[in-house]
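Engineer: After the structure tokens below, expect a handful of questions from me.
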Amino acid sequence: MASLPTPPEQPDDAPDAYVGLAADAAEQLARSRGWDTVRAVPPGSFMTMEFRSGRINFQVEDATVTRCWVG
């Protein structure tokens with residue numbers, strides 16, 4: 001049986017630091033800190049919930065990040 005690949009390390013970042021930022025500024029900041037994928041969604045959106053290393057998620061209301069989580 002083949003071994004499972006080791007996922008790349010994620011940026012050492014605090015998701016709560018993005019809450020309250022403008023969505024555009026939060027995305028630029030996240031990319032500058034090394035996040036491969038930045039996903040912004042409105043509240044109540046349907047989305048896949050699989051964990052992806054290197055992805056940060058923003059819930060955005062009125063162009064402002066209201067919630068942030070990794071994966």
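How things are named: the first chain in the structure tokens is A, the next is B, and so on; residues count from 1 in each chain; ligands count from 1 in the order shown.
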Can you tell me, as number ranges by chain, what residues are no more than 7 Å from Arg39 (chain A) when counting only C-alpha atoms, ignoring any on the same chain fewer than 3 positions away?
Structural biologist: A: 56-58
Engineer: Might you pull out every residue within 6 Å of region 19-31 of chain A, with only C-alpha atoms counted and same-chain residues fewer than 4 positions away left off, and present them as a PyMOL selection string?
Structural biologist: chain A and resi 35+63-67
Engineer: Work out how far apart CA of Tyr18 (chain A) and CA of Trp69 (chain A) are and give it in Å to one decimal.
Structural biologist: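 Separating CA of Tyr18 (chain A) from CA of Trp69 (chain A) is a distance of 9.6 Å.
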Engineer: Write down as an MDAnalysis selection string the residues of chain A whose backbone DSSP state falls under helix (DSSP H, G or I).
Structural biologist: chainID A and resid 15:18 23:32
Engineer: Could you take the residues named above and write them with all heavy atoms, as a compact mmCIF listing (two decimals), in the first residue's frame?
Structural biologist:
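And here is the file that came out, part-v2.txt:
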# COMPACT_ATOMS: atom_id res chain seq x y z
N PRO A 15 -6.59 33.19 11.82
CA PRO A 15 -7.77 33.54 11.02
C PRO A 15 -8.58 34.71 11.59
O PRO A 15 -9.12 35.51 10.84
CB PRO A 15 -8.60 32.25 11.02
CG PRO A 15 -7.59 31.17 11.21
CD PRO A 15 -6.55 31.76 12.13
N ASP A 16 -8.64 34.84 12.90
CA ASP A 16 -9.41 35.93 13.50
C ASP A 16 -8.86 37.31 13.13
O ASP A 16 -9.58 38.31 13.20
CB ASP A 16 -9.45 35.80 15.02
CG ASP A 16 -10.31 34.64 15.47
OD1 ASP A 16 -11.19 34.21 14.69
OD2 ASP A 16 -10.12 34.17 16.61
N ALA A 17 -7.60 37.38 12.71
CA ALA A 17 -7.00 38.66 12.35
C ALA A 17 -7.62 39.26 11.09
O ALA A 17 -7.49 40.46 10.84
CB ALA A 17 -5.50 38.49 12.14
N TYR A 18 -8.32 38.44 10.29
CA TYR A 18 -8.93 38.93 9.06
C TYR A 18 -10.34 39.48 9.27
O TYR A 18 -10.84 40.21 8.42
CB TYR A 18 -8.98 37.80 8.02
CG TYR A 18 -7.60 37.36 7.56
CD1 TYR A 18 -6.95 36.30 8.17
CD2 TYR A 18 -6.97 38.01 6.51
CE1 TYR A 18 -5.69 35.91 7.76
CE2 TYR A 18 -5.72 37.63 6.08
CZ TYR A 18 -5.07 36.56 6.71
OH TYR A 18 -3.83 36.19 6.29
N ALA A 23 -12.91 42.91 2.26
CA ALA A 23 -12.66 41.63 1.60
C ALA A 23 -11.45 41.70 0.67
O ALA A 23 -10.61 40.78 0.66
CB ALA A 23 -13.90 41.18 0.83
N ASP A 24 -11.31 42.76 -0.11
CA ASP A 24 -10.17 42.89 -1.03
C ASP A 24 -8.85 42.96 -0.26
O ASP A 24 -7.87 42.32 -0.63
CB ASP A 24 -10.32 44.12 -1.92
CG ASP A 24 -11.44 43.98 -2.93
OD1 ASP A 24 -11.90 42.84 -3.17
OD2 ASP A 24 -11.86 45.02 -3.47
N ALA A 25 -8.82 43.75 0.80
CA ALA A 25 -7.61 43.89 1.60
C ALA A 25 -7.26 42.57 2.28
O ALA A 25 -6.09 42.19 2.35
CB ALA A 25 -7.78 44.99 2.63
N ALA A 26 -8.27 41.85 2.76
CA ALA A 26 -8.05 40.56 3.41
C ALA A 26 -7.46 39.56 2.43
O ALA A 26 -6.54 38.81 2.77
CB ALA A 26 -9.35 40.03 4.01
N GLU A 27 -7.98 39.54 1.20
CA GLU A 27 -7.45 38.61 0.20
C GLU A 27 -6.00 38.93 -0.13
O GLU A 27 -5.16 38.03 -0.18
CB GLU A 27 -8.29 38.64 -1.07
CG GLU A 27 -7.76 37.68 -2.11
CD GLU A 27 -8.58 37.62 -3.37
OE1 GLU A 27 -9.66 38.23 -3.44
OE2 GLU A 27 -8.12 36.95 -4.32
N GLN A 28 -5.68 40.19 -0.33
CA GLN A 28 -4.30 40.57 -0.63
C GLN A 28 -3.36 40.20 0.52
O GLN A 28 -2.26 39.69 0.30
CB GLN A 28 -4.20 42.07 -0.91
CG GLN A 28 -4.82 42.47 -2.23
CD GLN A 28 -4.77 43.97 -2.45
OE1 GLN A 28 -4.48 44.75 -1.53
NE2 GLN A 28 -5.07 44.39 -3.66
N LEU A 29 -3.81 40.44 1.74
CA LEU A 29 -3.00 40.11 2.91
C LEU A 29 -2.78 38.61 3.01
O LEU A 29 -1.66 38.15 3.25
CB LEU A 29 -3.68 40.64 4.18
CG LEU A 29 -2.95 40.41 5.49
CD1 LEU A 29 -1.56 41.06 5.48
CD2 LEU A 29 -3.78 40.93 6.65
N ALA A 30 -3.84 37.84 2.81
CA ALA A 30 -3.73 36.38 2.89
C ALA A 30 -2.75 35.84 1.84
O ALA A 30 -1.91 34.99 2.14
CB ALA A 30 -5.10 35.73 2.72
N ARG A 31 -2.84 36.33 0.63
CA ARG A 31 -1.92 35.89 -0.43
C ARG A 31 -0.49 36.29 -0.12
O ARG A 31 0.44 35.53 -0.35
CB ARG A 31 -2.37 36.41 -1.79
CG ARG A 31 -3.67 35.76 -2.24
CD ARG A 31 -4.02 36.07 -3.68
NE ARG A 31 -5.35 35.59 -4.01
CZ ARG A 31 -5.67 34.33 -4.25
NH1 ARG A 31 -4.74 33.39 -4.18
NH2 ARG A 31 -6.90 33.99 -4.56
N SER A 32 -0.30 37.48 0.45
CA SER A 32 1.06 37.92 0.79
C SER A 32 1.65 37.09 1.92
O SER A 32 2.87 36.99 2.05
CB SER A 32 1.07 39.41 1.16
OG SER A 32 0.53 39.62 2.45
Engineer: Need the shell around Gly71 (chain A): protein/DNA/RNA residues with any atom at most 7 Å away, counting only C-alpha atoms. Skip same-chain ones fewer than 5 positions apart. Format as a PyMOL selection string?
Structural biologist: chain A and resi 51-56
Engineer: Please, could you write that set of residues out with all heavy atoms as a PDB file, in the first residue's frame?
Structural biologist:
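Resulting contents of out.pdb:
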ATOM      1  N   PHE A  51     -11.282  19.330   3.784  1.00  0.00           N
ATOM      2  CA  PHE A  51     -10.161  20.132   4.254  1.00  0.00           C
ATOM      3  C   PHE A  51      -9.114  20.210   3.158  1.00  0.00           C
ATOM      4  O   PHE A  51      -8.720  19.192   2.608  1.00  0.00           O
ATOM      5  CB  PHE A  51      -9.540  19.517   5.517  1.00  0.00           C
ATOM      6  CG  PHE A  51      -8.427  20.356   6.068  1.00  0.00           C
ATOM      7  CD1 PHE A  51      -8.706  21.371   6.955  1.00  0.00           C
ATOM      8  CD2 PHE A  51      -7.115  20.142   5.678  1.00  0.00           C
ATOM      9  CE1 PHE A  51      -7.691  22.169   7.464  1.00  0.00           C
ATOM     10  CE2 PHE A  51      -6.091  20.929   6.180  1.00  0.00           C
ATOM     11  CZ  PHE A  51      -6.385  21.941   7.072  1.00  0.00           C
ATOM     12  N   ARG A  52      -8.692  21.412   2.817  1.00  0.00           N
ATOM     13  CA  ARG A  52      -7.618  21.615   1.849  1.00  0.00           C
ATOM     14  C   ARG A  52      -6.524  22.416   2.510  1.00  0.00           C
ATOM     15  O   ARG A  52      -6.733  23.554   2.914  1.00  0.00           O
ATOM     16  CB  ARG A  52      -8.121  22.358   0.622  1.00  0.00           C
ATOM     17  CG  ARG A  52      -8.885  21.464  -0.317  1.00  0.00           C
ATOM     18  CD  ARG A  52      -9.116  22.085  -1.656  1.00  0.00           C
ATOM     19  NE  ARG A  52      -7.865  22.503  -2.272  1.00  0.00           N
ATOM     20  CZ  ARG A  52      -7.799  23.393  -3.240  1.00  0.00           C
ATOM     21  NH1 ARG A  52      -8.883  23.971  -3.705  1.00  0.00           N
ATOM     22  NH2 ARG A  52      -6.636  23.727  -3.760  1.00  0.00           N
ATOM     23  N   SER A  53      -5.362  21.810   2.619  1.00  0.00           N
ATOM     24  CA  SER A  53      -4.216  22.519   3.163  1.00  0.00           C
ATOM     25  C   SER A  53      -3.894  23.700   2.259  1.00  0.00           C
ATOM     26  O   SER A  53      -3.968  23.600   1.037  1.00  0.00           O
ATOM     27  CB  SER A  53      -3.032  21.559   3.229  1.00  0.00           C
ATOM     28  OG  SER A  53      -1.920  22.199   3.781  1.00  0.00           O
ATOM     29  N   GLY A  54      -3.576  24.826   2.843  1.00  0.00           N
ATOM     30  CA  GLY A  54      -3.224  26.000   2.063  1.00  0.00           C
ATOM     31  C   GLY A  54      -4.397  26.862   1.652  1.00  0.00           C
ATOM     32  O   GLY A  54      -4.230  27.824   0.911  1.00  0.00           O
ATOM     33  N   ARG A  55      -5.599  26.547   2.150  1.00  0.00           N
ATOM     34  CA  ARG A  55      -6.779  27.346   1.804  1.00  0.00           C
ATOM     35  C   ARG A  55      -7.290  28.087   3.036  1.00  0.00           C
ATOM     36  O   ARG A  55      -7.389  27.528   4.123  1.00  0.00           O
ATOM     37  CB  ARG A  55      -7.900  26.464   1.256  1.00  0.00           C
ATOM     38  CG  ARG A  55      -9.177  27.262   0.944  1.00  0.00           C
ATOM     39  CD  ARG A  55     -10.216  26.458   0.219  1.00  0.00           C
ATOM     40  NE  ARG A  55     -10.732  25.383   1.052  1.00  0.00           N
ATOM     41  CZ  ARG A  55     -11.521  24.417   0.595  1.00  0.00           C
ATOM     42  NH1 ARG A  55     -11.856  24.372  -0.680  1.00  0.00           N
ATOM     43  NH2 ARG A  55     -11.955  23.480   1.409  1.00  0.00           N
ATOM     44  N   ILE A  56      -7.642  29.350   2.840  1.00  0.00           N
ATOM     45  CA  ILE A  56      -8.278  30.137   3.877  1.00  0.00           C
ATOM     46  C   ILE A  56      -9.624  30.600   3.324  1.00  0.00           C
ATOM     47  O   ILE A  56      -9.744  30.916   2.142  1.00  0.00           O
ATOM     48  CB  ILE A  56      -7.391  31.324   4.330  1.00  0.00           C
ATOM     49  CG1 ILE A  56      -7.927  31.937   5.625  1.00  0.00           C
ATOM     50  CG2 ILE A  56      -7.197  32.341   3.230  1.00  0.00           C
ATOM     51  CD1 ILE A  56      -6.932  32.848   6.317  1.00  0.00           C
TER      52      ILE A  56
END
Engineer: Report the distance between CA of Pro8 (chain A) and CA of Gly34 (chain A) in Å, rounded to one decimal place.
Structural biologist: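 Here the two named atoms are 11.4 Å from each other.
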Engineer: Please give the complete set of residues from region 9-67 of chain A that DSSP, run on the backbone, assigns to strand (DSSP E), formatted as an mmCIF file with all heavy atoms, in the first residue's frame.
Structural biologist:
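File written: selection33.cif
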data_model
loop_
_atom_site.group_PDB
_atom_site.id
_atom_site.type_symbol
_atom_site.label_atom_id
_atom_site.label_comp_id
_atom_site.auth_asym_id
_atom_site.auth_seq_id
_atom_site.Cartn_x
_atom_site.Cartn_y
_atom_site.Cartn_z
ATOM 1 N N THR A 37 -4.853 29.326 -1.704
ATOM 2 C CA THR A 37 -6.231 29.509 -2.137
ATOM 3 C C THR A 37 -6.960 30.371 -1.127
ATOM 4 O O THR A 37 -6.915 30.101 0.072
ATOM 5 C CB THR A 37 -6.950 28.145 -2.259
ATOM 6 O OG1 THR A 37 -6.200 27.306 -3.129
ATOM 7 C CG2 THR A 37 -8.356 28.308 -2.797
ATOM 8 N N VAL A 38 -7.625 31.392 -1.627
ATOM 9 C CA VAL A 38 -8.448 32.267 -0.792
ATOM 10 C C VAL A 38 -9.869 32.171 -1.335
ATOM 11 O O VAL A 38 -10.112 32.444 -2.499
ATOM 12 C CB VAL A 38 -7.952 33.727 -0.849
ATOM 13 C CG1 VAL A 38 -8.851 34.620 -0.001
ATOM 14 C CG2 VAL A 38 -6.506 33.821 -0.398
ATOM 15 N N ARG A 39 -10.792 31.741 -0.471
ATOM 16 C CA ARG A 39 -12.181 31.554 -0.894
ATOM 17 C C ARG A 39 -13.065 32.503 -0.092
ATOM 18 O O ARG A 39 -13.087 32.449 1.130
ATOM 19 C CB ARG A 39 -12.599 30.097 -0.668
ATOM 20 C CG ARG A 39 -14.025 29.797 -1.068
ATOM 21 C CD ARG A 39 -14.331 28.318 -1.116
ATOM 22 N NE ARG A 39 -14.271 27.663 0.174
ATOM 23 C CZ ARG A 39 -14.680 26.409 0.395
ATOM 24 N NH1 ARG A 39 -15.167 25.689 -0.599
ATOM 25 N NH2 ARG A 39 -14.587 25.884 1.597
ATOM 26 N N ALA A 40 -13.790 33.377 -0.804
ATOM 27 C CA ALA A 40 -14.720 34.311 -0.171
ATOM 28 C C ALA A 40 -16.137 33.917 -0.547
ATOM 29 O O ALA A 40 -16.433 33.735 -1.726
ATOM 30 C CB ALA A 40 -14.426 35.739 -0.628
ATOM 31 N N VAL A 41 -16.984 33.772 0.459
ATOM 32 C CA VAL A 41 -18.364 33.329 0.222
ATOM 33 C C VAL A 41 -19.336 34.181 1.036
ATOM 34 O O VAL A 41 -19.005 34.656 2.116
ATOM 35 C CB VAL A 41 -18.549 31.839 0.595
ATOM 36 C CG1 VAL A 41 -17.689 30.950 -0.276
ATOM 37 C CG2 VAL A 41 -18.233 31.600 2.052
ATOM 38 N N ARG A 55 -5.599 26.547 2.150
ATOM 39 C CA ARG A 55 -6.779 27.346 1.804
ATOM 40 C C ARG A 55 -7.290 28.087 3.036
ATOM 41 O O ARG A 55 -7.389 27.528 4.123
ATOM 42 C CB ARG A 55 -7.900 26.464 1.256
ATOM 43 C CG ARG A 55 -9.177 27.262 0.944
ATOM 44 C CD ARG A 55 -10.216 26.458 0.219
ATOM 45 N NE ARG A 55 -10.732 25.383 1.052
ATOM 46 C CZ ARG A 55 -11.521 24.417 0.595
ATOM 47 N NH1 ARG A 55 -11.856 24.372 -0.680
ATOM 48 N NH2 ARG A 55 -11.955 23.480 1.409
ATOM 49 N N ILE A 56 -7.642 29.350 2.840
ATOM 50 C CA ILE A 56 -8.278 30.137 3.877
ATOM 51 C C ILE A 56 -9.624 30.600 3.324
ATOM 52 O O ILE A 56 -9.744 30.916 2.142
ATOM 53 C CB ILE A 56 -7.391 31.324 4.330
ATOM 54 C CG1 ILE A 56 -7.927 31.937 5.625
ATOM 55 C CG2 ILE A 56 -7.197 32.341 3.230
ATOM 56 C CD1 ILE A 56 -6.932 32.848 6.317
ATOM 57 N N ASN A 57 -10.636 30.579 4.165
ATOM 58 C CA ASN A 57 -12.004 30.895 3.760
ATOM 59 C C ASN A 57 -12.485 32.144 4.479
ATOM 60 O O ASN A 57 -12.266 32.290 5.684
ATOM 61 C CB ASN A 57 -12.939 29.741 4.143
ATOM 62 C CG ASN A 57 -12.509 28.445 3.523
ATOM 63 O OD1 ASN A 57 -12.742 28.197 2.357
ATOM 64 N ND2 ASN A 57 -11.850 27.600 4.309
ATOM 65 N N PHE A 58 -13.145 33.020 3.733
ATOM 66 C CA PHE A 58 -13.726 34.230 4.301
ATOM 67 C C PHE A 58 -15.226 34.220 4.070
ATOM 68 O O PHE A 58 -15.679 33.990 2.953
ATOM 69 C CB PHE A 58 -13.181 35.490 3.616
ATOM 70 C CG PHE A 58 -11.708 35.707 3.759
ATOM 71 C CD1 PHE A 58 -10.968 36.198 2.697
ATOM 72 C CD2 PHE A 58 -11.052 35.448 4.940
ATOM 73 C CE1 PHE A 58 -9.614 36.431 2.807
ATOM 74 C CE2 PHE A 58 -9.687 35.663 5.073
ATOM 75 C CZ PHE A 58 -8.967 36.163 4.003
ATOM 76 N N GLN A 59 -15.978 34.478 5.114
ATOM 77 C CA GLN A 59 -17.401 34.781 4.943
ATOM 78 C C GLN A 59 -17.476 36.293 4.816
ATOM 79 O O GLN A 59 -16.943 37.019 5.658
ATOM 80 C CB GLN A 59 -18.208 34.321 6.148
ATOM 81 C CG GLN A 59 -19.682 34.667 6.042
ATOM 82 C CD GLN A 59 -20.448 34.121 7.225
ATOM 83 O OE1 GLN A 59 -20.530 32.922 7.406
ATOM 84 N NE2 GLN A 59 -20.989 35.022 8.035
ATOM 85 N N VAL A 60 -18.105 36.776 3.742
ATOM 86 C CA VAL A 60 -18.097 38.202 3.438
ATOM 87 C C VAL A 60 -19.525 38.747 3.382
ATOM 88 O O VAL A 60 -20.379 38.198 2.683
ATOM 89 C CB VAL A 60 -17.385 38.457 2.087
ATOM 90 C CG1 VAL A 60 -17.429 39.927 1.728
ATOM 91 C CG2 VAL A 60 -15.942 37.968 2.141
ATOM 92 N N GLU A 61 -19.769 39.797 4.149
ATOM 93 C CA GLU A 61 -21.046 40.520 4.128
ATOM 94 C C GLU A 61 -20.745 41.996 3.920
ATOM 95 O O GLU A 61 -19.894 42.551 4.621
ATOM 96 C CB GLU A 61 -21.784 40.354 5.458
ATOM 97 C CG GLU A 61 -22.329 38.973 5.702
ATOM 98 C CD GLU A 61 -23.108 38.909 7.010
ATOM 99 O OE1 GLU A 61 -24.183 39.543 7.089
ATOM 100 O OE2 GLU A 61 -22.627 38.243 7.937
ATOM 101 N N THR A 64 -17.142 43.092 3.724
ATOM 102 C CA THR A 64 -16.321 42.988 4.932
ATOM 103 C C THR A 64 -16.282 41.532 5.396
ATOM 104 O O THR A 64 -17.301 40.841 5.387
ATOM 105 C CB THR A 64 -16.910 43.860 6.060
ATOM 106 O OG1 THR A 64 -16.972 45.222 5.596
ATOM 107 C CG2 THR A 64 -16.065 43.806 7.314
ATOM 108 N N VAL A 65 -15.102 41.089 5.822
ATOM 109 C CA VAL A 65 -14.957 39.725 6.329
ATOM 110 C C VAL A 65 -15.611 39.654 7.704
ATOM 111 O O VAL A 65 -15.272 40.420 8.609
ATOM 112 C CB VAL A 65 -13.470 39.334 6.427
ATOM 113 C CG1 VAL A 65 -13.312 37.942 7.043
ATOM 114 C CG2 VAL A 65 -12.803 39.388 5.055
ATOM 115 N N THR A 66 -16.579 38.730 7.855
ATOM 116 C CA THR A 66 -17.292 38.579 9.120
ATOM 117 C C THR A 66 -16.920 37.277 9.848
ATOM 118 O O THR A 66 -17.226 37.108 11.020
ATOM 119 C CB THR A 66 -18.817 38.616 8.928
ATOM 120 O OG1 THR A 66 -19.188 37.585 7.995
ATOM 121 C CG2 THR A 66 -19.251 39.973 8.403
ATOM 122 N N ARG A 67 -16.282 36.356 9.123
ATOM 123 C CA ARG A 67 -15.855 35.083 9.705
ATOM 124 C C ARG A 67 -14.711 34.568 8.836
ATOM 125 O O ARG A 67 -14.679 34.811 7.636
ATOM 126 C CB ARG A 67 -17.017 34.100 9.684
ATOM 127 C CG ARG A 67 -16.695 32.749 10.269
ATOM 128 C CD ARG A 67 -17.952 31.862 10.341
ATOM 129 N NE ARG A 67 -17.544 30.520 10.668
ATOM 130 C CZ ARG A 67 -17.812 29.451 9.937
ATOM 131 N NH1 ARG A 67 -18.523 29.542 8.843
ATOM 132 N NH2 ARG A 67 -17.379 28.264 10.305
#
Engineer: Quick one: of A:Glu9, A:Ala14, A:Val70, A:Asp62, who's nearest to Met49 (chain A), counting only C-alpha atoms?
Structural biologist: A:Val70
